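Peer 1: Dropping in my_file.cif, which is mmCIF, C-alpha atoms:
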data_coords
loop_
_atom_site.label_atom_id
_atom_site.label_comp_id
_atom_site.auth_asym_id
_atom_site.auth_seq_id
_atom_site.Cartn_x
_atom_site.Cartn_y
_atom_site.Cartn_z
CA MET A 1 29.53 -36.45 -112.67
CA LYS A 2 32.45 -38.22 -111.01
CA GLY A 3 33.30 -39.89 -114.30
CA VAL A 4 33.49 -36.56 -116.13
CA THR A 5 35.74 -35.12 -113.44
CA LEU A 6 37.99 -38.17 -113.56
CA VAL A 7 38.28 -37.95 -117.35
CA LEU A 8 39.19 -34.25 -117.15
CA VAL A 9 41.84 -34.90 -114.50
CA PHE A 10 43.45 -37.67 -116.55
CA ALA A 11 43.30 -35.52 -119.69
CA ALA A 12 45.00 -32.68 -117.82
CA LEU A 13 47.74 -35.01 -116.57
CA PHE A 14 48.26 -36.52 -120.03
CA PHE A 15 48.30 -33.35 -122.12
CA ALA A 16 49.78 -30.76 -119.77
CA SER A 17 53.50 -30.13 -119.89
CA ALA A 18 55.63 -29.98 -116.75
CA ALA A 19 56.48 -26.29 -116.95
CA PRO A 20 54.82 -24.14 -119.61
CA ALA A 21 57.04 -21.52 -121.20
CA GLU A 22 56.29 -17.94 -120.20
CA THR A 23 57.30 -14.73 -121.91
CA GLU A 24 58.49 -11.60 -120.14
CA ALA A 25 54.92 -10.31 -119.87
CA GLY A 26 53.88 -13.43 -117.93
CA LYS A 27 51.92 -14.90 -120.83
CA ILE A 28 51.99 -18.67 -121.34
CA THR A 29 53.00 -19.68 -124.88
CA ASP A 30 53.14 -23.51 -124.78
CA SER A 31 50.37 -24.80 -127.08
CA LYS A 32 49.40 -27.73 -124.82
CA ALA A 33 49.15 -25.47 -121.79
CA VAL A 34 47.10 -22.95 -123.75
CA GLY A 35 44.69 -25.67 -124.86
CA MET A 36 44.29 -26.95 -121.32
CA GLY A 37 43.77 -23.38 -120.13
CA PHE A 38 40.94 -22.88 -122.60
CA MET A 39 39.43 -26.19 -121.50
CA ALA A 40 39.72 -25.19 -117.85
CA ALA A 41 38.05 -21.84 -118.51
CA ALA A 42 35.19 -23.56 -120.36
CA VAL A 43 34.70 -26.09 -117.56
CA VAL A 44 34.72 -23.39 -114.86
CA VAL A 45 32.17 -21.22 -116.65
CA GLY A 46 30.00 -24.20 -117.61
CA LEU A 47 29.92 -25.75 -114.14
CA GLY A 48 29.39 -22.35 -112.52
CA THR A 49 26.41 -21.69 -114.77
CA LEU A 50 25.01 -25.16 -114.18
CA ALA A 51 25.34 -24.77 -110.41
CA ALA A 52 23.70 -21.35 -110.55
CA GLY A 53 20.77 -22.79 -112.50
CA ILE A 54 20.27 -25.54 -109.95
CA ALA A 55 20.56 -23.08 -107.05
CA VAL A 56 18.09 -20.61 -108.57
CA GLY A 57 15.66 -23.43 -109.35
CA LEU A 58 15.70 -24.75 -105.80
CA THR A 59 15.63 -21.39 -104.03
CA GLY A 60 13.11 -19.95 -106.49
CA SER A 61 10.60 -22.70 -105.93
CA ALA A 62 11.00 -22.43 -102.17
CA ALA A 63 10.68 -18.65 -102.40
CA ILE A 64 7.41 -18.90 -104.34
CA GLY A 65 6.02 -21.23 -101.67
CA ALA A 66 7.06 -18.87 -98.88
CA LEU A 67 5.74 -15.87 -100.78
CA ALA A 68 2.31 -17.47 -101.11
CA GLU A 69 2.06 -17.60 -97.32
CA LYS A 70 3.80 -14.32 -96.39
CA PRO A 71 3.90 -11.67 -99.14
CA GLU A 72 5.95 -9.32 -96.93
CA LEU A 73 9.02 -11.53 -97.45
CA MET A 74 9.41 -10.40 -101.09
CA GLY A 75 12.55 -8.29 -100.56
CA LYS A 76 14.40 -10.92 -98.56
CA LEU A 77 13.53 -13.63 -101.05
CA LEU A 78 14.80 -11.57 -103.99
CA ILE A 79 18.13 -11.11 -102.19
CA ILE A 80 18.44 -14.86 -101.60
CA ILE A 81 17.72 -15.63 -105.26
CA GLY A 82 20.21 -12.95 -106.30
CA LEU A 83 22.90 -14.57 -104.18
CA ALA A 84 22.23 -17.87 -105.93
CA GLU A 85 22.68 -16.14 -109.31
CA GLY A 86 26.01 -14.80 -108.12
CA ILE A 87 27.51 -18.27 -108.48
CA ALA A 88 27.45 -17.89 -112.27
CA ILE A 89 29.17 -14.53 -112.05
CA TYR A 90 31.93 -16.00 -109.87
CA GLY A 91 32.46 -18.76 -112.43
CA LEU A 92 32.67 -16.19 -115.23
CA ILE A 93 35.20 -14.10 -113.32
CA VAL A 94 37.42 -17.13 -112.64
CA GLY A 95 37.16 -18.15 -116.30
CA LEU A 96 38.25 -14.66 -117.39
CA MET A 97 41.14 -14.78 -114.93
CA ILE A 98 42.28 -18.08 -116.46
CA LEU A 99 42.02 -16.64 -119.97
CA GLY A 100 44.03 -13.62 -118.87
CA LYS A 101 47.13 -15.79 -118.60
CA PHE A 102 47.11 -16.50 -122.36
#
Translate this structure into structure tokens?

Peer 2:
Amino acid sequence: MKGVTLVLVFAALFFASAAPAETEAGKITDSKAVGMGFMAAAVVVGLGTLAAGIAVGLTGSAAIGALAEKPELMGKLLIIIGLAEGIAIYGLIVGLMILGKF
């Protein structure tokens, strides 16, 4: 995982321009900056979804174990699993915000 992050950082430093050109509407028009923006949006959504999957897997298995012992915890456990799923939604929102600049 560290290797992938390092490669992405070096790619961003190599391909990104110093100051991307912006139009009056605040849109970025430099092709290298647009490409890096699309890559950043893809990485944010992908990592957010991956993290949400891991979080739901861990909390879901623990919730099933707790539910087997105390069935009255069902509501609280559903809320905890829902919070873990929220990580993917946050990643999607940040990705859409990045794409909104182009």

Peer 1: Need the shell around range 92-100 of chain A: protein/DNA/RNA residues with any atom at most 9 Å away, counting all atoms listed in the file. Skip same-chain ones fewer than 3 positions apart. Format as a list in words?

Peer 2: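 With the cut-off at 9 Å, the set is Lys27, Val34, Gly37, Phe38, Ala40, Ala41, Ala42, Val43, Val44, Val45, Gly46, Gly48, Thr49, Ile87, Ala88 and Ile89 of chain A.
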
Peer 1: Which of these residues is nearest to Gly60 in chain A, using all atoms listed in the file: A:Leu47, A:Leu83, A:Ala33, A:Leu77?

Peer 2: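 Ranking A:Leu47, A:Leu83, A:Ala33, A:Leu77 by distance to Gly60 in chain A, first place goes to A:Leu77.
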
Peer 1: One decimal, Å: what's the distance from CA of Val56 in chain A over to CA of Gly82 in chain A, could you say?

Peer 2: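 Pair CA of Val56 in chain A / CA of Gly82 in chain A returns 8.3 Å.
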
Peer 1: Rounded to one decimal in Å, what is the spacing between CA of Ile54 in chain A and CA of Ala66 in chain A?

Peer 2: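 So the two atoms, CA of Ile54 in chain A and CA of Ala66 in chain A, lie 18.5 Å apart.
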
Peer 1: CA of Ile81 in chain A and CA of Ala55 in chain A, how far apart in Å?

Peer 2: 8.2 Å

Peer 1: Of the candidates A:Leu78, A:Thr5, A:Gly86, A:Gly35, which one gets nearest to Thr59 in chain A if we count all atoms listed in the file?

Peer 2: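 Of A:Leu78, A:Thr5, A:Gly86, A:Gly35, the one nearest Thr59 in chain A, counting all atoms listed in the file, is A:Leu78.
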
Peer 1: Pick out the residues sitting within 12 Å of Leu58 in chain A, and hand them over as a list of chain:residue names; count all atoms listed in the file, and ignore anything fewer than 6 positions along from it in its own chain.

Peer 2: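 Result of the neighbour search: A:Ala51, A:Ala52, A:Ile64, A:Gly65, A:Ile80, A:Ile81, A:Ala84, A:Glu85.
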